[in-house]
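One file, input-v8.cif, is given below (mmCIF, C-alpha atoms and all ligand atoms).
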data_upload
loop_
_atom_site.label_atom_id
_atom_site.label_comp_id
_atom_site.auth_asym_id
_atom_site.auth_seq_id
_atom_site.Cartn_x
_atom_site.Cartn_y
_atom_site.Cartn_z
CA MET A 4 67.07 89.03 149.78
CA ILE A 5 69.65 86.26 149.97
CA PRO A 6 72.85 87.29 151.74
CA ARG A 7 75.99 86.75 149.70
CA PHE A 8 78.64 84.64 151.28
CA LYS A 9 81.82 82.75 150.57
CA PHE A 10 82.67 79.23 151.57
CA ASP A 11 85.77 77.13 151.72
CA LYS A 12 86.75 76.07 148.20
CA SER A 13 88.33 72.90 149.56
CA TYR A 14 84.90 71.33 149.18
CA LEU A 15 85.23 71.33 145.45
CA LEU A 16 85.50 68.19 143.36
CA GLY A 17 88.81 66.36 143.49
CA VAL A 18 90.11 67.71 146.76
CA GLY A 19 88.57 64.76 148.58
CA VAL A 20 87.87 66.47 151.88
CA THR A 21 85.51 64.42 154.00
CA MET A 22 83.69 65.96 156.85
CA GLU A 23 81.38 66.56 159.34
CA LEU A 24 79.43 69.19 157.44
CA ILE A 25 76.52 71.32 158.56
CA LEU A 26 74.42 73.21 156.03
CA ARG A 27 72.72 76.06 157.87
CA ASN A 28 69.46 77.80 156.94
CA ALA A 29 68.09 75.54 154.22
CA ARG A 30 64.53 75.97 152.99
CA PHE A 31 62.37 73.04 151.86
CA LYS A 32 59.85 73.96 149.17
CA ASP A 33 58.27 77.22 150.34
CA SER A 34 58.53 76.59 154.10
CA LEU A 35 58.64 79.70 156.23
CA GLU A 36 61.00 78.01 158.66
CA LEU A 37 64.62 77.29 157.89
CA PHE A 38 66.45 74.09 158.76
CA ASP A 39 69.99 72.93 159.44
CA ILE A 40 71.24 69.75 157.79
CA GLY A 41 74.00 67.76 159.48
CA ILE A 42 76.08 65.38 157.38
CA ASP A 43 78.67 62.88 158.52
CA ASP A 44 80.43 60.05 156.74
CA GLY A 45 78.35 60.70 153.63
CA LYS A 46 74.98 60.40 155.40
CA PHE A 47 72.36 62.78 156.70
CA ILE A 48 72.63 62.54 160.48
CA SER A 49 70.49 65.43 161.67
CA ILE A 50 67.83 67.67 160.15
CA LYS A 51 66.29 70.22 162.47
CA LYS A 52 65.63 73.90 162.97
CA ASN A 53 68.83 74.54 164.81
CA ILE A 54 71.60 72.01 165.18
CA PRO A 55 73.47 73.05 168.31
CA GLU A 56 76.67 71.15 167.53
CA LYS A 57 79.46 72.67 165.48
CA GLY A 58 80.48 71.12 162.18
CA ASP A 59 84.06 70.67 161.05
CA GLU A 60 82.80 72.73 158.14
CA GLU A 61 79.70 74.84 157.97
CA ILE A 62 77.99 76.45 155.01
CA ASP A 63 75.30 79.07 155.46
CA LEU A 64 72.75 78.58 152.67
CA GLY A 65 71.07 81.87 153.52
CA GLY A 66 67.51 80.52 153.17
CA ARG A 67 68.05 78.98 149.77
CA PHE A 68 65.66 76.29 148.51
CA VAL A 69 67.03 72.77 148.92
CA SER A 70 65.69 69.60 147.30
CA PRO A 71 66.74 65.99 146.78
CA PRO A 72 68.76 65.55 143.57
CA LEU A 73 66.97 65.88 140.25
CA VAL A 74 66.38 62.72 138.21
CA GLU A 75 66.68 62.86 134.42
CA LEU A 76 64.31 60.09 133.44
CA HIS A 77 64.49 60.47 129.67
CA VAL A 78 67.40 61.70 127.58
CA HIS A 79 69.30 60.58 124.48
CA LEU A 80 72.93 61.01 125.43
CA ASP A 81 74.26 59.21 122.34
CA ALA A 82 72.82 62.01 120.18
CA ALA A 83 73.67 64.86 122.58
CA LEU A 84 75.65 67.80 121.21
CA THR A 85 75.34 66.71 117.57
CA VAL A 86 73.12 69.60 116.48
CA GLY A 87 73.97 70.73 112.94
CA GLU A 88 75.83 67.48 112.14
CA PRO A 89 75.71 66.76 109.27
CA ARG A 90 72.93 69.33 108.83
CA TYR A 91 70.32 71.25 110.79
CA ASN A 92 66.70 70.17 111.05
CA LEU A 93 65.08 72.83 108.86
CA GLY A 94 61.48 71.57 108.85
CA GLY A 95 61.56 70.89 112.59
CA SER A 96 59.70 67.58 112.50
CA LEU A 97 60.43 64.41 114.43
CA LEU A 98 60.76 62.43 111.20
CA GLU A 99 63.30 64.87 109.72
CA GLY A 100 65.23 64.53 112.99
CA ILE A 101 65.29 60.73 112.63
CA ASP A 102 66.57 61.08 109.03
CA ILE A 103 69.38 63.43 110.12
CA TRP A 104 70.32 61.17 113.00
CA SER A 105 70.55 58.12 110.73
CA GLU A 106 73.06 60.10 108.59
CA ARG A 107 75.06 61.15 111.66
CA LYS A 108 75.03 57.57 112.93
CA LYS A 109 77.11 56.44 109.94
CA ILE A 110 80.13 58.39 111.18
CA LEU A 111 79.66 57.61 114.86
CA THR A 112 82.65 56.28 116.76
CA LYS A 113 82.93 55.15 120.35
CA GLU A 114 85.27 57.99 121.25
CA ASP A 115 83.02 60.53 119.56
CA VAL A 116 80.09 59.35 121.69
CA LYS A 117 82.12 59.22 124.90
CA ASN A 118 83.47 62.74 124.50
CA ARG A 119 80.03 64.23 123.94
CA VAL A 120 78.41 62.19 126.71
CA ARG A 121 81.06 63.19 129.25
CA LYS A 122 80.37 66.83 128.57
CA ALA A 123 76.58 66.39 128.73
CA LEU A 124 76.80 64.45 132.00
CA LYS A 125 78.88 67.20 133.59
CA TRP A 126 76.09 69.62 132.62
CA GLU A 127 73.51 67.30 134.17
CA LEU A 128 75.56 67.04 137.37
CA ALA A 129 75.96 70.81 137.61
CA ASN A 130 72.18 71.00 137.29
CA GLY A 131 71.81 68.71 140.30
CA VAL A 132 71.03 65.49 138.42
CA THR A 133 72.51 62.34 139.96
CA ARG A 134 70.38 59.72 138.21
CA VAL A 135 70.02 59.53 134.43
CA ARG A 136 68.06 57.14 132.24
CA THR A 137 69.44 57.43 128.73
CA HIS A 138 68.00 55.83 125.64
CA VAL A 139 70.70 54.51 123.29
CA ASP A 140 69.97 53.78 119.66
CA ILE A 141 70.69 50.09 119.08
CA CYS A 142 69.68 50.07 115.38
CA ASP A 143 73.37 49.88 114.57
CA PRO A 144 75.08 46.49 114.33
CA THR A 145 78.41 48.02 115.49
CA PHE A 146 76.83 49.00 118.84
CA ASN A 147 79.34 51.88 119.02
CA ALA A 148 76.97 54.09 121.03
CA LEU A 149 75.90 51.31 123.39
CA ASN A 150 79.51 50.26 124.02
CA ALA A 151 80.45 53.87 124.70
CA LEU A 152 77.59 54.31 127.18
CA ILE A 153 78.43 51.08 129.01
CA GLU A 154 81.99 52.39 129.56
CA ILE A 155 80.76 55.84 130.57
CA LYS A 156 78.33 54.32 133.05
CA GLU A 157 81.30 52.76 134.85
CA GLU A 158 83.39 55.93 134.55
CA PHE A 159 80.73 58.11 136.19
CA LYS A 160 79.32 55.62 138.68
CA GLU A 161 80.53 57.49 141.75
CA TYR A 162 78.58 60.57 140.69
CA ILE A 163 75.69 59.51 138.48
CA ASP A 164 73.62 56.36 138.50
CA ILE A 165 72.99 55.66 134.80
CA GLN A 166 70.34 53.36 133.34
CA ILE A 167 70.75 52.50 129.65
CA VAL A 168 67.64 51.80 127.58
CA ALA A 169 68.06 49.61 124.49
CA PHE A 170 66.19 51.93 122.15
CA PRO A 171 65.29 50.76 118.61
CA GLN A 172 65.17 54.20 116.99
CA GLU A 173 64.32 52.78 113.55
CA GLY A 174 61.96 50.07 114.78
CA ILE A 175 62.19 46.47 115.97
CA PHE A 176 60.21 45.03 113.06
CA SER A 177 60.98 47.75 110.49
CA PHE A 178 64.77 47.50 110.81
CA PRO A 179 66.85 44.50 109.68
CA ASP A 180 67.41 42.01 112.52
CA GLY A 181 65.66 44.35 114.97
CA GLU A 182 64.67 41.61 117.40
CA GLU A 183 68.19 40.18 117.46
CA LEU A 184 69.72 43.63 118.00
CA MET A 185 67.41 44.21 120.96
CA ARG A 186 68.38 40.90 122.55
CA LYS A 187 72.09 41.48 121.91
CA ALA A 188 71.91 44.98 123.39
CA MET A 189 70.37 43.60 126.58
CA GLU A 190 73.02 40.87 126.74
CA LYS A 191 75.77 43.45 126.33
CA GLY A 192 74.60 45.40 129.34
CA ALA A 193 71.59 47.61 128.61
CA ASP A 194 69.43 47.93 131.73
CA VAL A 195 65.99 48.72 130.33
CA VAL A 196 64.03 47.40 127.32
CA GLY A 197 62.88 50.09 124.87
CA GLY A 198 60.53 50.24 121.92
CA ILE A 199 58.96 52.58 119.37
CA PRO A 200 55.63 51.14 118.19
CA HIS A 201 54.31 54.27 116.47
CA TYR A 202 57.36 54.31 114.17
CA GLU A 203 56.93 50.73 112.94
CA TRP A 204 55.68 50.53 109.36
CA THR A 205 52.28 49.12 110.19
CA ARG A 206 49.81 49.18 113.07
CA GLU A 207 50.28 45.39 113.34
CA ASP A 208 54.05 45.72 113.68
CA GLY A 209 53.52 48.43 116.28
CA VAL A 210 51.42 46.06 118.37
CA LYS A 211 54.11 43.38 117.94
CA ASP A 212 56.74 45.94 119.07
CA VAL A 213 54.92 46.47 122.37
CA ILE A 214 54.27 42.75 122.94
CA PHE A 215 57.92 41.95 122.17
CA ALA A 216 59.25 44.62 124.57
CA VAL A 217 57.05 43.57 127.49
CA ALA A 218 57.84 39.89 126.94
CA LEU A 219 61.59 40.55 126.73
CA GLY A 220 61.53 42.77 129.83
CA LYS A 221 59.66 40.14 131.78
CA GLU A 222 61.88 37.32 130.54
CA LEU A 223 65.01 39.19 131.67
CA GLY A 224 63.46 40.73 134.79
CA LYS A 225 64.26 44.22 133.50
CA MET A 226 62.33 47.47 133.50
CA ILE A 227 60.66 48.63 130.28
CA ASP A 228 60.50 52.15 128.85
CA LEU A 229 58.93 52.71 125.45
CA HIS A 230 58.75 55.74 123.21
CA ILE A 231 55.08 55.45 122.47
CA ASP A 232 52.46 57.41 120.55
CA GLU A 233 54.88 60.28 119.94
CA THR A 234 52.80 61.66 117.13
CA ASP A 235 49.81 63.94 116.61
CA ASP A 236 47.91 61.07 114.99
CA ASP A 237 44.89 60.40 117.19
CA HIS A 238 44.73 56.89 115.74
CA SER A 239 48.06 56.04 117.33
CA ARG A 240 46.81 54.01 120.28
CA PHE A 241 49.67 51.78 121.32
CA ILE A 242 49.53 52.94 124.94
CA GLU A 243 46.38 50.85 125.41
CA VAL A 244 48.34 47.81 124.22
CA LEU A 245 51.15 48.62 126.66
CA ALA A 246 48.72 48.98 129.57
CA ALA A 247 47.01 45.71 128.67
CA GLU A 248 50.28 43.78 128.23
CA THR A 249 51.56 45.15 131.54
CA ILE A 250 48.46 43.98 133.38
CA LYS A 251 48.35 40.59 131.63
CA ASN A 252 51.98 39.97 132.52
CA ASN A 253 51.61 41.19 136.12
CA TYR A 254 54.36 43.70 135.43
CA GLU A 255 52.73 46.73 137.03
CA GLY A 256 55.11 49.45 138.26
CA LYS A 257 58.06 48.36 136.12
CA VAL A 258 56.90 49.93 132.88
CA THR A 259 57.32 53.50 131.67
CA ALA A 260 55.57 55.18 128.74
CA SER A 261 57.47 58.11 127.27
CA HIS A 262 55.94 60.99 125.29
CA THR A 263 52.38 59.69 124.58
CA THR A 264 51.70 62.98 122.78
CA ALA A 265 48.87 61.50 120.69
CA MET A 266 46.84 61.46 123.93
CA HIS A 267 46.52 65.22 123.46
CA SER A 268 44.40 64.57 120.39
CA TYR A 269 42.29 61.61 121.55
CA ASN A 270 38.59 62.23 122.02
CA ASN A 271 37.71 62.68 125.69
CA ALA A 272 35.56 59.56 125.95
CA TYR A 273 38.47 57.39 124.80
CA ALA A 274 41.04 59.29 126.89
CA PHE A 275 38.92 58.88 130.01
CA LYS A 276 38.75 55.10 129.54
CA LEU A 277 42.46 54.95 128.68
CA LEU A 278 43.57 56.84 131.79
CA SER A 279 41.85 54.34 134.02
CA TRP A 280 43.82 51.52 132.31
CA ILE A 281 47.07 53.45 132.68
CA LYS A 282 46.36 53.81 136.37
CA LYS A 283 45.45 50.14 136.74
CA ALA A 284 48.68 49.14 134.95
CA ASN A 285 50.60 51.52 137.23
CA LEU A 286 52.49 52.88 134.23
CA ASN A 287 55.05 55.61 134.84
CA MET A 288 54.46 58.43 132.39
CA VAL A 289 57.10 60.83 131.04
CA THR A 290 56.50 64.09 129.25
CA ASN A 291 59.24 65.94 127.38
CA PRO A 292 58.16 69.55 126.99
CA LEU A 293 61.29 70.90 125.32
CA ASP A 294 61.19 68.55 122.36
CA ASN A 295 57.48 68.05 122.06
CA SER A 296 56.64 71.75 122.23
CA VAL A 297 58.62 72.22 119.02
CA LEU A 298 58.12 68.85 117.31
CA GLN A 299 54.37 68.42 117.67
CA ALA A 300 51.69 69.90 115.43
CA ARG A 301 54.24 70.61 112.68
CA PHE A 302 51.65 69.48 110.15
CA ASP A 303 48.77 71.51 111.60
CA ALA A 304 47.31 74.56 109.97
CA TYR A 305 45.72 77.00 112.43
CA PRO A 306 44.62 76.45 115.13
CA LYS A 307 47.73 74.50 116.11
CA ARG A 308 47.52 71.87 118.83
CA ARG A 309 49.89 71.95 121.77
CA GLY A 310 50.57 68.26 121.44
CA HIS A 311 51.53 67.27 124.96
CA THR A 312 50.18 64.36 126.92
CA ARG A 313 47.48 64.83 129.58
CA VAL A 314 49.74 65.61 132.52
CA LYS A 315 47.27 67.47 134.72
CA GLU A 316 44.60 64.82 134.50
CA MET A 317 47.02 61.97 135.10
CA ASP A 318 48.65 63.71 138.06
CA GLU A 319 45.25 64.38 139.62
CA MET A 320 44.41 60.68 139.27
CA GLY A 321 47.58 59.72 141.14
CA ILE A 322 49.43 58.39 138.07
CA ASN A 323 53.20 58.85 138.41
CA VAL A 324 54.15 61.56 135.88
CA SER A 325 57.68 62.86 135.31
CA ILE A 326 59.17 65.66 133.27
CA ALA A 327 62.43 65.07 131.41
CA ASP A 328 64.70 66.73 128.87
CA ASP A 329 64.80 64.23 125.98
CA SER A 330 67.39 66.19 123.99
CA ILE A 331 70.51 68.20 124.59
CA MET A 332 71.40 69.97 121.34
CA ASP A 333 70.58 67.23 118.83
CA PRO A 334 68.66 66.83 115.54
CA TRP A 335 65.29 66.97 117.32
CA TYR A 336 65.87 69.91 119.62
CA PRO A 337 68.68 72.39 118.97
CA LEU A 338 68.81 73.90 122.46
CA GLY A 339 68.90 72.42 125.96
CA LEU A 340 71.47 72.12 128.72
CA GLY A 341 70.55 68.93 130.55
CA ASP A 342 68.32 70.62 133.08
CA PRO A 343 64.94 69.08 133.97
CA LEU A 344 64.04 72.34 135.75
CA GLN A 345 64.20 74.15 132.42
CA ALA A 346 61.84 71.54 130.96
CA ALA A 347 59.50 72.08 133.94
CA PHE A 348 59.60 75.85 133.34
CA VAL A 349 58.51 75.30 129.75
CA PHE A 350 55.72 73.01 130.92
CA VAL A 351 54.31 75.74 133.18
CA HIS A 352 53.40 77.50 129.93
CA TYR A 353 52.94 74.69 127.45
CA GLY A 354 50.83 72.62 129.86
CA GLN A 355 49.15 75.57 131.61
CA MET A 356 50.49 74.50 135.00
CA SER A 357 50.74 78.00 136.46
CA GLY A 358 48.45 77.45 139.47
CA TYR A 359 50.45 77.58 142.69
CA ASN A 360 49.78 73.95 143.59
CA GLU A 361 50.46 72.90 140.02
CA MET A 362 53.87 74.54 140.10
CA MET A 363 54.65 72.73 143.34
CA ARG A 364 53.73 69.48 141.59
CA LEU A 365 56.28 70.28 138.88
CA ILE A 366 59.05 70.06 141.47
CA GLU A 367 57.85 66.53 142.32
CA MET A 368 57.86 65.71 138.60
CA ILE A 369 61.61 66.34 138.33
CA THR A 370 62.56 64.78 141.70
CA THR A 371 60.49 62.19 143.60
CA ASN A 372 58.29 61.05 140.69
CA PRO A 373 61.14 60.17 138.31
CA ALA A 374 63.05 58.70 141.28
CA LYS A 375 60.16 56.28 141.76
CA ALA A 376 60.05 55.31 138.06
CA PHE A 377 63.84 54.89 138.14
CA GLY A 378 63.50 52.47 141.03
CA ALA A 379 65.73 54.67 143.19
CA THR A 380 66.27 53.61 146.76
CA ASP A 381 68.04 55.66 149.43
CA TYR A 382 66.50 58.81 147.95
CA GLY A 383 65.42 61.94 149.78
CA ILE A 384 66.66 64.30 152.47
CA LYS A 385 66.06 62.07 155.48
CA VAL A 386 68.23 61.08 158.43
CA GLY A 387 70.05 57.86 157.56
CA ASN A 388 69.94 58.38 153.80
CA THR A 389 73.02 59.08 151.69
CA ALA A 390 73.67 62.82 151.78
CA ASP A 391 72.77 63.87 148.24
CA LEU A 392 71.03 67.19 147.69
CA VAL A 393 70.76 70.25 145.52
CA VAL A 394 70.78 73.89 146.59
CA PHE A 395 69.09 76.30 144.20
CA ASP A 396 70.19 79.90 144.02
CA ALA A 397 66.67 80.99 144.93
CA PRO A 398 64.86 81.39 148.23
CA ARG A 399 61.73 79.37 147.39
CA ALA A 400 60.72 76.58 145.02
CA ILE A 401 58.54 78.99 143.11
CA ASP A 402 61.51 81.32 142.54
CA ALA A 403 63.62 78.38 141.44
CA ILE A 404 61.05 77.69 138.68
CA ARG A 405 60.61 81.36 137.77
CA LEU A 406 64.32 82.03 137.48
CA VAL A 407 65.23 78.53 136.26
CA ALA A 408 67.67 79.21 139.08
CA ARG A 409 71.22 77.99 138.82
CA ARG A 410 72.14 75.22 141.20
CA TYR A 411 74.22 76.96 143.84
CA LEU A 412 75.62 73.76 145.28
CA VAL A 413 75.30 70.06 144.49
CA ILE A 414 76.17 67.60 147.22
CA LYS A 415 76.79 63.94 146.46
CA ASN A 416 77.75 61.42 149.14
CA GLY A 417 78.19 64.31 151.55
CA LYS A 418 80.68 66.17 149.36
CA ALA A 419 80.14 69.31 147.34
CA ILE A 420 80.80 68.34 143.76
CA THR A 421 79.64 71.45 141.94
CA GLN A 422 79.43 75.05 142.98
CA THR A 423 78.01 77.93 140.94
CA LYS A 424 78.70 81.52 141.84
CA PRO A 425 75.53 83.60 142.06
CA TYR A 426 75.02 86.12 139.31
CA GLU A 427 75.71 89.67 140.31
CA THR A 428 73.93 92.40 138.40
CA ASN A 429 74.66 96.01 139.14
CA ILE A 430 72.44 98.81 137.98
CA ILE A 431 73.50 102.46 137.94
CA LEU A 432 70.69 105.01 138.00
CA ASN A 433 71.32 108.70 138.52
CA GLY A 434 74.93 107.94 139.35
CA LYS A 435 73.99 105.57 142.15
CA LYS A 436 75.10 101.93 141.92
CA GLU A 437 72.84 99.22 143.26
CA GLN A 438 73.01 95.43 143.13
CA ILE A 439 69.80 93.64 142.06
CA ASN A 440 68.99 89.91 142.14
CA PHE A 441 65.49 89.47 140.65
CA ILE A 442 64.04 88.35 144.00
CA LYS A 443 60.85 90.03 145.20
ZN ZN A 501 63.10 60.29 123.50
#
Serialized structure, structure tokens:
Amino acid sequence: MIPRFKFDKSYLLGVGVTMELILRNARFKDSLELFDIGIDDGKFISIKKNIPEKGDEEIDLGGRFVSPPLVELHVHLDAALTVGEPRYNLGGSLLEGIDIWSERKKILTKEDVKNRVRKALKWELANGVTRVRTHVDICDPTFNALNALIEIKEEFKEYIDIQIVAFPQEGIFSFPDGEELMRKAMEKGADVVGGIPHYEWTREDGVKDVIFAVALGKELGKMIDLHIDETDDDHSRFIEVLAAETIKNNYEGKVTASHTTAMHSYNNAYAFKLLSWIKKANLNMVTNPLDNSVLQARFDAYPKRRGHTRVKEMDEMGINVSIADDSIMDPWYPLGLGDPLQAAFVFVHYGQMSGYNEMMRLIEMITTNPAKAFGATDYGIKVGNTADLVVFDAPRAIDAIRLVARRYLVIKNGKAITQTKPYETNIILNGKKEQINFIK
């Protein structure tokens, strides 16, 4: 059982207290031993079983699970918190979601986007996320959403490192002036080149979409992250084009493939060959269990496919796979709270990742794996690194997944920026009151 304790509220955001800080009794993953973490001048300066020195401030974590910050590798902040506007997605399909979004886009203003994004980013921060890659729909000649995100990126830079993907939601070759809009978006300040080949009107345009994105990324020296094969159609095979273009352009490691749900439905002989190309191209793969568990197989009779990409197989082959949210209350997914851990919890079930080692891998898929795809440096709880970490209100990693545990404390640059009080549940049986906490 985790002891309850109080700590000095002066650590909270805005007070600006700097420190020497020692976090006592932290647990990494499911380690039996507990560690102390010493922080000074925003850096980790000591990590050992028992730091003998005294800190100006000390916080006893009581054996709670501690990890590096979470990385949200795939989210659409411009659409966040628009669920029900102007209408709800009744059929539940991806295409209906795109139709609703194109209606909502007509009344988009910069302030509207900024207000929603600020709120969503605070949720992400409170969930321990300090790096976010957001796709922004650039099929809009006003660029209201992109302009809003560029300003927000600056506004939040002390707390969250934001990468903006120029995302052609309605296609590069199926939307008027798509190529020009992509170029302009990159000139304006987008960080990553996007694409959506499976949504282009024809197979040929889809191939052109991939070739265009890789060429533009290489020309500008930018990373690339495509929505690709997000369909149940087993003939949607643009990922092979992306792998080939990446290899031909010597761009290995800088390219990410998001969703790739069609891979669920490929025949095994083809999938086997494909995975070896994905590995050779060193593609970073992202799965989005919240959205794709509800969007996929909408057109299936029974039996219904699960419709996720082949995470287990790719992870076993050493391909870098990440789990991300995709949506926070938008036309594609009505729920969500900007928490990659919640997405990982869903993937335990949806992807049958309930083996002990598999669940441990899920923690990597929301921390170190997306950090690698993001190109993060100075990442991890190591002496000399910037002191960024997350404390889960759970004693072990496995409990953090099981409980989708609240983040007890989030530390950024050595300062506590969010704090969540533990839940307290009291049960009264036979007149006797007892506090329970759902820990074995
Ligand atoms: Zn997406």
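If you measure from each of A:Gln299, A:Asn416, A:Thr234, A:Gln172 to ligand ZN 501 (chain A) using only C-alpha atoms and all ligand atoms, the closest one turns out to be A:Gln172.
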Give one line per residue of chain A that approaches ligand ZN 501 (chain A) to at most 8 Å, naming the two atoms of the closest pair and their distance in Å to one decimal, counting all atoms listed in the file; sort by chain then ascending residue number and deliver it as a tab-separated table.
residue	atom	partner	partner_atom	distance
A:His77	CA	A:ZN501	ZN	6.3
A:Val78	CA	A:ZN501	ZN	6.1
A:His79	CA	A:ZN501	ZN	6.3
A:His138	CA	A:ZN501	ZN	7.0
A:His230	CA	A:ZN501	ZN	6.3
A:Ser261	CA	A:ZN501	ZN	7.1
A:His262	CA	A:ZN501	ZN	7.4
A:Asn291	CA	A:ZN501	ZN	7.9
A:Asp329	CA	A:ZN501	ZN	5.0
A:Ser330	CA	A:ZN501	ZN	7.3
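Minimum atom-to-atom distances from A:Thr312, A:Thr428, A:Gln166, A:Gln422 to Thr133 in chain A were compared using all atoms listed in the file, and the lowest value belongs to A:Gln166.
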Using all atoms listed in the file, find each residue of range 31-114 of chain A with at least one atom at most 12 Å away from an atom of range 295-298 of chain A; report its shortest atom-to-atom pair and that distance in Å (one decimal), sort the rows by chain and rising residue number, and return the result as a tab-separated table.
residue	atom	partner	partner_atom	distance
A:Asn92	CA	A:Leu298	CA	10.7
A:Leu93	CA	A:Leu298	CA	11.6
A:Gly94	CA	A:Leu298	CA	9.5
A:Gly95	CA	A:Leu298	CA	6.2
A:Ser96	CA	A:Leu298	CA	5.2
A:Leu97	CA	A:Leu298	CA	5.8
A:Leu98	CA	A:Leu298	CA	9.2
A:Glu99	CA	A:Leu298	CA	10.0
A:Gly100	CA	A:Leu298	CA	9.4
A:Ile101	CA	A:Leu298	CA	11.8
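Minimum atom-to-atom distances from A:Leu149, A:Ile331, A:Ala304, A:Val393 to Lys418 in chain A were compared using only C-alpha atoms, and the lowest value belongs to A:Val393.
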note = The residue from A:Asp232, A:Asp342, A:Asp333, A:Asp208 with the smallest atom-to-atom distance to Tyr91 in chain A, counting only C-alpha atoms, is A:Asp333
Need the shell around Arg136 in chain A: protein/DNA/RNA residues with any atom at most 12 Å away, counting all atoms listed in the file. Skip same-chain ones fewer than 3 positions apart. Format as a compact mmCIF listing (two decimals) with C-alpha atoms, in the coordinates of the input?
# COMPACT_ATOMS: atom_id res chain seq x y z
CA LEU A 73 66.97 65.88 140.25
CA VAL A 74 66.38 62.72 138.21
CA GLU A 75 66.68 62.86 134.42
CA LEU A 76 64.31 60.09 133.44
CA HIS A 77 64.49 60.47 129.67
CA VAL A 78 67.40 61.70 127.58
CA HIS A 79 69.30 60.58 124.48
CA LEU A 80 72.93 61.01 125.43
CA ASP A 81 74.26 59.21 122.34
CA LEU A 124 76.80 64.45 132.00
CA GLU A 127 73.51 67.30 134.17
CA VAL A 132 71.03 65.49 138.42
CA THR A 133 72.51 62.34 139.96
CA VAL A 139 70.70 54.51 123.29
CA LEU A 152 77.59 54.31 127.18
CA LYS A 156 78.33 54.32 133.05
CA ILE A 163 75.69 59.51 138.48
CA ASP A 164 73.62 56.36 138.50
CA ILE A 165 72.99 55.66 134.80
CA GLN A 166 70.34 53.36 133.34
CA ILE A 167 70.75 52.50 129.65
CA VAL A 168 67.64 51.80 127.58
CA ALA A 169 68.06 49.61 124.49
CA PHE A 170 66.19 51.93 122.15
CA ALA A 193 71.59 47.61 128.61
CA ASP A 194 69.43 47.93 131.73
CA VAL A 195 65.99 48.72 130.33
CA VAL A 196 64.03 47.40 127.32
CA GLY A 197 62.88 50.09 124.87
CA MET A 226 62.33 47.47 133.50
CA ILE A 227 60.66 48.63 130.28
CA ASP A 228 60.50 52.15 128.85
CA THR A 259 57.32 53.50 131.67
CA SER A 261 57.47 58.11 127.27
CA VAL A 289 57.10 60.83 131.04
CA ALA A 327 62.43 65.07 131.41
CA ASP A 328 64.70 66.73 128.87
CA ASP A 329 64.80 64.23 125.98
CA PRO A 373 61.14 60.17 138.31
CA ALA A 374 63.05 58.70 141.28
CA ALA A 376 60.05 55.31 138.06
CA PHE A 377 63.84 54.89 138.14
CA GLY A 378 63.50 52.47 141.03
CA ALA A 379 65.73 54.67 143.19
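CA of Arg309 in chain A is found 26.3 Å from CA of Thr85 in chain A.
What separates CA of Pro337 in chain A from CA of Gly87 in chain A is a distance of 8.2 Å.
Counting all atoms listed in the file and comparing A:Ile199, A:Cys142, A:Ile326, A:Ile442, the residue that lies closest to Lys187 in chain A is A:Cys142.
Residue nearest Phe31 in chain A, chosen from A:Pro398, A:Gly45, A:Pro55, A:Gly65 and counting only C-alpha atoms: A:Pro398.
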ask   = Excluding same-chain residues fewer than 4 positions from range 178-180 of chain A, what lies within 12 Å of it counting all atoms listed in the file, as a ChimeraX atom specification?
value = /A:141-144,171-174,184-187,199,202-204,208,212
inquiry  = Can you pull out the residues contacting Val324 in chain A? Cut-off 7 Å, using all atoms listed in the file, and skip same-chain residues under 6 positions away; I want them as JSON, numbers by chain.
reply    = {"A": [287, 288, 289, 314, 318, 368, 372]}
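What separates CA of Ala246 in chain A from CA of Ser325 in chain A is a distance of 17.5 Å.
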message = Using only C-alpha atoms - which residues lie no farther than 8 Å from the point (71.3, 81.2, 139.8) in the file's frame? Write them as a PyMOL selection string.
response = chain A and resi 395-397+406-411+423-426
inquiry  = At a cut-off of 10 Å, using all atoms listed in the file, what residues contact range 113-122 of chain A? Leave out same-chain residues fewer than 3 positions from it and give the result as a PyMOL selection string.
reply    = chain A and resi 79-85+110+125-127+145-155+158-159
Put the listed atoms of range 190-208 of chain A in a box along x, y and z with 4 Å added on every side and give me the centre and edge lengths in Å to one decimal, as JSON.
{"center_x": 62.8, "center_y": 47.6, "center_z": 120.5, "size_x": 34.0, "size_y": 21.4, "size_z": 30.4}
Taking N, CA and C atoms as the atom set, what does range 272-277 of chain A look like once completed, written as an mmCIF file, in the coordinates of the input?
data_model
loop_
_atom_site.group_PDB
_atom_site.id
_atom_site.type_symbol
_atom_site.label_atom_id
_atom_site.label_comp_id
_atom_site.auth_asym_id
_atom_site.auth_seq_id
_atom_site.Cartn_x
_atom_site.Cartn_y
_atom_site.Cartn_z
ATOM 1 N N ALA A 272 36.162 60.812 125.490
ATOM 2 C CA ALA A 272 35.560 59.560 125.950
ATOM 3 C C ALA A 272 36.618 58.457 125.961
ATOM 4 N N TYR A 273 37.413 58.416 124.875
ATOM 5 C CA TYR A 273 38.470 57.390 124.800
ATOM 6 C C TYR A 273 39.559 57.667 125.838
ATOM 7 N N ALA A 274 39.967 58.945 125.947
ATOM 8 C CA ALA A 274 41.040 59.290 126.890
ATOM 9 C C ALA A 274 40.647 58.936 128.317
ATOM 10 N N PHE A 275 39.400 59.168 128.648
ATOM 11 C CA PHE A 275 38.920 58.880 130.010
ATOM 12 C C PHE A 275 39.061 57.382 130.320
ATOM 13 N N LYS A 276 38.634 56.564 129.356
ATOM 14 C CA LYS A 276 38.750 55.100 129.540
ATOM 15 C C LYS A 276 40.226 54.709 129.622
ATOM 16 N N LEU A 277 41.028 55.289 128.745
ATOM 17 C CA LEU A 277 42.460 54.950 128.680
ATOM 18 C C LEU A 277 43.174 55.267 129.997
#
